[in-house]
Amino acid sequence: MNNSLPRIAVHKFASCDGCQLAFLNAGEALLTLSQRAEIVHFTEAGWDAPLAKVDIAFVEGSISTPHDLERIRAVRESAKTLVTIGACATAGGLQALRNGVQQSAEWVADIYASPEYIQSLPESRPISAHVIVDLELWGCPVTSKQVLSALGDLLKGITPVNSGEPVCVECKRSGHACVLVTQSQPCMGPVTRTGCGALCPAFGRACYGCFGPAEQANTASLANQFKHMGLGPKDIARRFLFITSAASPFSDTGRHYLEQDRD
Ligand code: SF4
Ligand code: SF4
């Protein structure tokens, strides 16, 4: 243990582990990091001390079970700064698609062979629904550059820049042809937070919103545009209720069109 270095932890909740790979895939940057900070908890990488007091705790995953709830409260107690990494932790993730659905005992029994062992909360919710979060990093998954840049700023005592601009701004700066205008693809770029490098439009594919809502996202207007392009209510709902379905205003617009589909 090096007492002079800031201590960091990486915690996992309901998630696929993809965002933790942002650390493990960082390669040589991890060697530099080891000179500037001490990792005290990161189970996937071999450090296991979940209750250790730390300066910065990174949290992957959403809160889905009563046990998760106890753990995230303990993580918050143990950390001076708490940073969520990825769509699961910031917006509930794919698992939040079950929110709002009546979860009857029969439904659980249909899915699990031993339903008596299943203890889940009524909804899968982002970390900020339960404890105070100091910084949210969006994306599915987050990138190594994104995480290490935020960590570097925090270690210097600087508040990391977390752009709320839409993907369209990044897309235009990069000079990509607009797939919505030129190919009538239902692109989520006008309402989605930037940070991916406009990756999907760069390959001629519509953005599907994995970085969550941009600031002041006009989701009603984009949904209306999709309607004029011929998408039905279910298809429009699917565009908004996907990886970041628990994040407003995606959740509100998505559920509005889901209701229309049921009518
Ligand atoms: S945000 Fe995406 S990559 Fe990250 S843990 Fe969740 S599902 Fe996996
Ligand atoms: S392709 Fe999508 S992200 Fe790029 S400018 Fe068009 S609508 Fe915006």
# chains A, B, ... in the order shown; residues from 1 in each chain; ligands from 1
$ residues_around --residues "stretch 10-12 of chain A" --least-positions-apart "3" --cutoff "6 Å" --atoms "only C-alpha atoms" --output "list in words"
His41, Phe42, Ala57, Phe58, Val59, Glu60 and Gly61 of chain A
$ write_last_selection --atoms "all heavy atoms" --output "PDB file, in the first residue's frame"
ATOM      1  N   HIS A  41      -9.743  -1.498  -4.947  1.00  0.00           N
ATOM      2  CA  HIS A  41     -10.816  -2.471  -5.191  1.00  0.00           C
ATOM      3  C   HIS A  41     -11.161  -2.468  -6.676  1.00  0.00           C
ATOM      4  O   HIS A  41     -11.498  -1.435  -7.247  1.00  0.00           O
ATOM      5  CB  HIS A  41     -12.067  -2.147  -4.375  1.00  0.00           C
ATOM      6  CG  HIS A  41     -13.221  -3.033  -4.734  1.00  0.00           C
ATOM      7  ND1 HIS A  41     -13.292  -4.352  -4.355  1.00  0.00           N
ATOM      8  CD2 HIS A  41     -14.340  -2.805  -5.480  1.00  0.00           C
ATOM      9  CE1 HIS A  41     -14.405  -4.902  -4.834  1.00  0.00           C
ATOM     10  NE2 HIS A  41     -15.043  -3.982  -5.519  1.00  0.00           N
ATOM     11  N   PHE A  42     -11.069  -3.630  -7.286  1.00  0.00           N
ATOM     12  CA  PHE A  42     -11.422  -3.807  -8.712  1.00  0.00           C
ATOM     13  C   PHE A  42     -11.429  -5.316  -8.907  1.00  0.00           C
ATOM     14  O   PHE A  42     -10.453  -5.904  -9.339  1.00  0.00           O
ATOM     15  CB  PHE A  42     -10.381  -3.110  -9.593  1.00  0.00           C
ATOM     16  CG  PHE A  42     -10.722  -3.052 -11.069  1.00  0.00           C
ATOM     17  CD1 PHE A  42     -11.908  -3.596 -11.585  1.00  0.00           C
ATOM     18  CD2 PHE A  42      -9.850  -2.437 -11.952  1.00  0.00           C
ATOM     19  CE1 PHE A  42     -12.204  -3.522 -12.929  1.00  0.00           C
ATOM     20  CE2 PHE A  42     -10.141  -2.362 -13.312  1.00  0.00           C
ATOM     21  CZ  PHE A  42     -11.306  -2.900 -13.797  1.00  0.00           C
ATOM     22  N   ALA A  57     -14.558   6.516  -6.365  1.00  0.00           N
ATOM     23  CA  ALA A  57     -15.160   5.208  -6.669  1.00  0.00           C
ATOM     24  C   ALA A  57     -15.831   5.292  -8.038  1.00  0.00           C
ATOM     25  O   ALA A  57     -16.647   6.189  -8.281  1.00  0.00           O
ATOM     26  CB  ALA A  57     -16.185   4.827  -5.617  1.00  0.00           C
ATOM     27  N   PHE A  58     -15.456   4.397  -8.945  1.00  0.00           N
ATOM     28  CA  PHE A  58     -16.141   4.259 -10.234  1.00  0.00           C
ATOM     29  C   PHE A  58     -17.176   3.159 -10.085  1.00  0.00           C
ATOM     30  O   PHE A  58     -16.880   2.104  -9.508  1.00  0.00           O
ATOM     31  CB  PHE A  58     -15.151   3.903 -11.339  1.00  0.00           C
ATOM     32  CG  PHE A  58     -14.224   5.025 -11.695  1.00  0.00           C
ATOM     33  CD1 PHE A  58     -13.013   5.168 -11.043  1.00  0.00           C
ATOM     34  CD2 PHE A  58     -14.578   5.957 -12.664  1.00  0.00           C
ATOM     35  CE1 PHE A  58     -12.154   6.214 -11.356  1.00  0.00           C
ATOM     36  CE2 PHE A  58     -13.735   7.004 -12.977  1.00  0.00           C
ATOM     37  CZ  PHE A  58     -12.516   7.137 -12.323  1.00  0.00           C
ATOM     38  N   VAL A  59     -18.375   3.413 -10.601  1.00  0.00           N
ATOM     39  CA  VAL A  59     -19.457   2.438 -10.447  1.00  0.00           C
ATOM     40  C   VAL A  59     -20.032   2.081 -11.805  1.00  0.00           C
ATOM     41  O   VAL A  59     -20.466   2.952 -12.560  1.00  0.00           O
ATOM     42  CB  VAL A  59     -20.578   2.997  -9.538  1.00  0.00           C
ATOM     43  CG1 VAL A  59     -21.740   2.019  -9.461  1.00  0.00           C
ATOM     44  CG2 VAL A  59     -20.045   3.291  -8.148  1.00  0.00           C
ATOM     45  N   GLU A  60     -20.013   0.786 -12.118  1.00  0.00           N
ATOM     46  CA  GLU A  60     -20.640   0.257 -13.335  1.00  0.00           C
ATOM     47  C   GLU A  60     -21.908  -0.483 -12.927  1.00  0.00           C
ATOM     48  O   GLU A  60     -21.915  -1.195 -11.926  1.00  0.00           O
ATOM     49  CB  GLU A  60     -19.681  -0.716 -14.031  1.00  0.00           C
ATOM     50  CG  GLU A  60     -20.297  -1.408 -15.244  1.00  0.00           C
ATOM     51  CD  GLU A  60     -19.506  -2.647 -15.648  1.00  0.00           C
ATOM     52  OE1 GLU A  60     -19.758  -3.733 -15.067  1.00  0.00           O
ATOM     53  OE2 GLU A  60     -18.655  -2.544 -16.522  1.00  0.00           O
ATOM     54  N   GLY A  61     -22.974  -0.329 -13.711  1.00  0.00           N
ATOM     55  CA  GLY A  61     -24.173  -1.133 -13.484  1.00  0.00           C
ATOM     56  C   GLY A  61     -25.293  -0.388 -12.784  1.00  0.00           C
ATOM     57  O   GLY A  61     -25.096   0.653 -12.155  1.00  0.00           O
TER      58      GLY A  61
END
$ select_by_dssp --residues "stretch 165-260 of chain A" --states "alpha helix (DSSP H)" --output "ChimeraX atom specification"
/A:167-174,179-183,199-202,219-228,233-240,250-260
$ write_last_selection --atoms "C-alpha atoms" --output "PDB file, in the first residue's frame"
ATOM      1  CA  VAL A 167     -24.024  13.900 -31.750  1.00  0.00           C
ATOM      2  CA  CYS A 168     -25.047  16.023 -34.773  1.00  0.00           C
ATOM      3  CA  VAL A 169     -22.511  18.688 -33.759  1.00  0.00           C
ATOM      4  CA  GLU A 170     -19.682  16.141 -33.691  1.00  0.00           C
ATOM      5  CA  CYS A 171     -20.990  14.527 -36.884  1.00  0.00           C
ATOM      6  CA  LYS A 172     -20.962  17.842 -38.776  1.00  0.00           C
ATOM      7  CA  ARG A 173     -17.515  18.766 -37.450  1.00  0.00           C
ATOM      8  CA  SER A 174     -16.217  15.457 -38.783  1.00  0.00           C
ATOM      9  CA  VAL A 179     -27.882   9.572 -42.878  1.00  0.00           C
ATOM     10  CA  LEU A 180     -31.193  11.099 -41.776  1.00  0.00           C
ATOM     11  CA  VAL A 181     -31.260  13.657 -44.609  1.00  0.00           C
ATOM     12  CA  THR A 182     -29.599  11.602 -47.379  1.00  0.00           C
ATOM     13  CA  GLN A 183     -30.923   8.097 -46.580  1.00  0.00           C
ATOM     14  CA  LEU A 199     -19.132   6.537 -34.706  1.00  0.00           C
ATOM     15  CA  CYS A 200     -22.316   5.145 -36.275  1.00  0.00           C
ATOM     16  CA  PRO A 201     -22.886   7.970 -38.809  1.00  0.00           C
ATOM     17  CA  ALA A 202     -19.187   7.660 -39.740  1.00  0.00           C
ATOM     18  CA  THR A 219     -37.342  14.324 -28.336  1.00  0.00           C
ATOM     19  CA  ALA A 220     -40.982  15.164 -29.188  1.00  0.00           C
ATOM     20  CA  SER A 221     -39.880  16.954 -32.349  1.00  0.00           C
ATOM     21  CA  LEU A 222     -37.550  14.140 -33.469  1.00  0.00           C
ATOM     22  CA  ALA A 223     -40.243  11.540 -32.773  1.00  0.00           C
ATOM     23  CA  ASN A 224     -42.610  13.595 -34.940  1.00  0.00           C
ATOM     24  CA  GLN A 225     -39.998  13.610 -37.706  1.00  0.00           C
ATOM     25  CA  PHE A 226     -39.747   9.801 -37.447  1.00  0.00           C
ATOM     26  CA  LYS A 227     -43.542   9.662 -37.767  1.00  0.00           C
ATOM     27  CA  HIS A 228     -43.396  11.725 -40.988  1.00  0.00           C
ATOM     28  CA  PRO A 233     -45.615   4.103 -32.774  1.00  0.00           C
ATOM     29  CA  LYS A 234     -43.887   0.843 -31.793  1.00  0.00           C
ATOM     30  CA  ASP A 235     -40.817   1.573 -33.930  1.00  0.00           C
ATOM     31  CA  ILE A 236     -40.611   5.121 -32.583  1.00  0.00           C
ATOM     32  CA  ALA A 237     -40.904   3.824 -29.007  1.00  0.00           C
ATOM     33  CA  ARG A 238     -38.094   1.350 -29.689  1.00  0.00           C
ATOM     34  CA  ARG A 239     -35.753   4.136 -30.794  1.00  0.00           C
ATOM     35  CA  PHE A 240     -36.178   5.881 -27.423  1.00  0.00           C
ATOM     36  CA  PHE A 250     -36.109   9.415 -23.779  1.00  0.00           C
ATOM     37  CA  SER A 251     -38.272   7.532 -21.267  1.00  0.00           C
ATOM     38  CA  ASP A 252     -41.183  10.009 -21.527  1.00  0.00           C
ATOM     39  CA  THR A 253     -41.271  10.101 -25.336  1.00  0.00           C
ATOM     40  CA  GLY A 254     -40.741   6.342 -25.640  1.00  0.00           C
ATOM     41  CA  ARG A 255     -43.548   5.524 -23.223  1.00  0.00           C
ATOM     42  CA  HIS A 256     -45.860   8.032 -24.911  1.00  0.00           C
ATOM     43  CA  TYR A 257     -45.488   6.158 -28.227  1.00  0.00           C
ATOM     44  CA  LEU A 258     -45.697   2.787 -26.494  1.00  0.00           C
ATOM     45  CA  GLU A 259     -49.088   3.843 -25.106  1.00  0.00           C
ATOM     46  CA  GLN A 260     -50.175   4.933 -28.612  1.00  0.00           C
TER      47      GLN A 260
END
$ residues_near_ligand --ligand "ligand 1" --cutoff "9 Å" --atoms "only C-alpha atoms and all ligand atoms" --output "JSON, numbers by chain"
{"A": [12, 13, 14, 15, 16, 17, 18, 19, 20, 21, 60, 61, 62, 85, 86, 87, 88, 89, 90, 91, 92, 93, 94, 95, 138, 139, 140, 141, 142, 210, 243, 244]}
$ atom_distance --atom1 "atom CA of A:Val133" --atom2 "atom CA of A:Thr81"
7.8 Å
$ closest_residue --among "A:Ala74, A:Ala113, A:Leu33, A:Cys207" --to "ligand 2" --atoms "only C-alpha atoms and all ligand atoms"
A:Cys207
$ select_by_dssp --residues "stretch 2-199 of chain A" --states "strand (DSSP E or B)" --output "VMD selection string"
chain A and resid 7 to 12 14 38 to 42 47 54 to 60 62 to 63 79 to 85 125 135 to 137 166 192 to 193
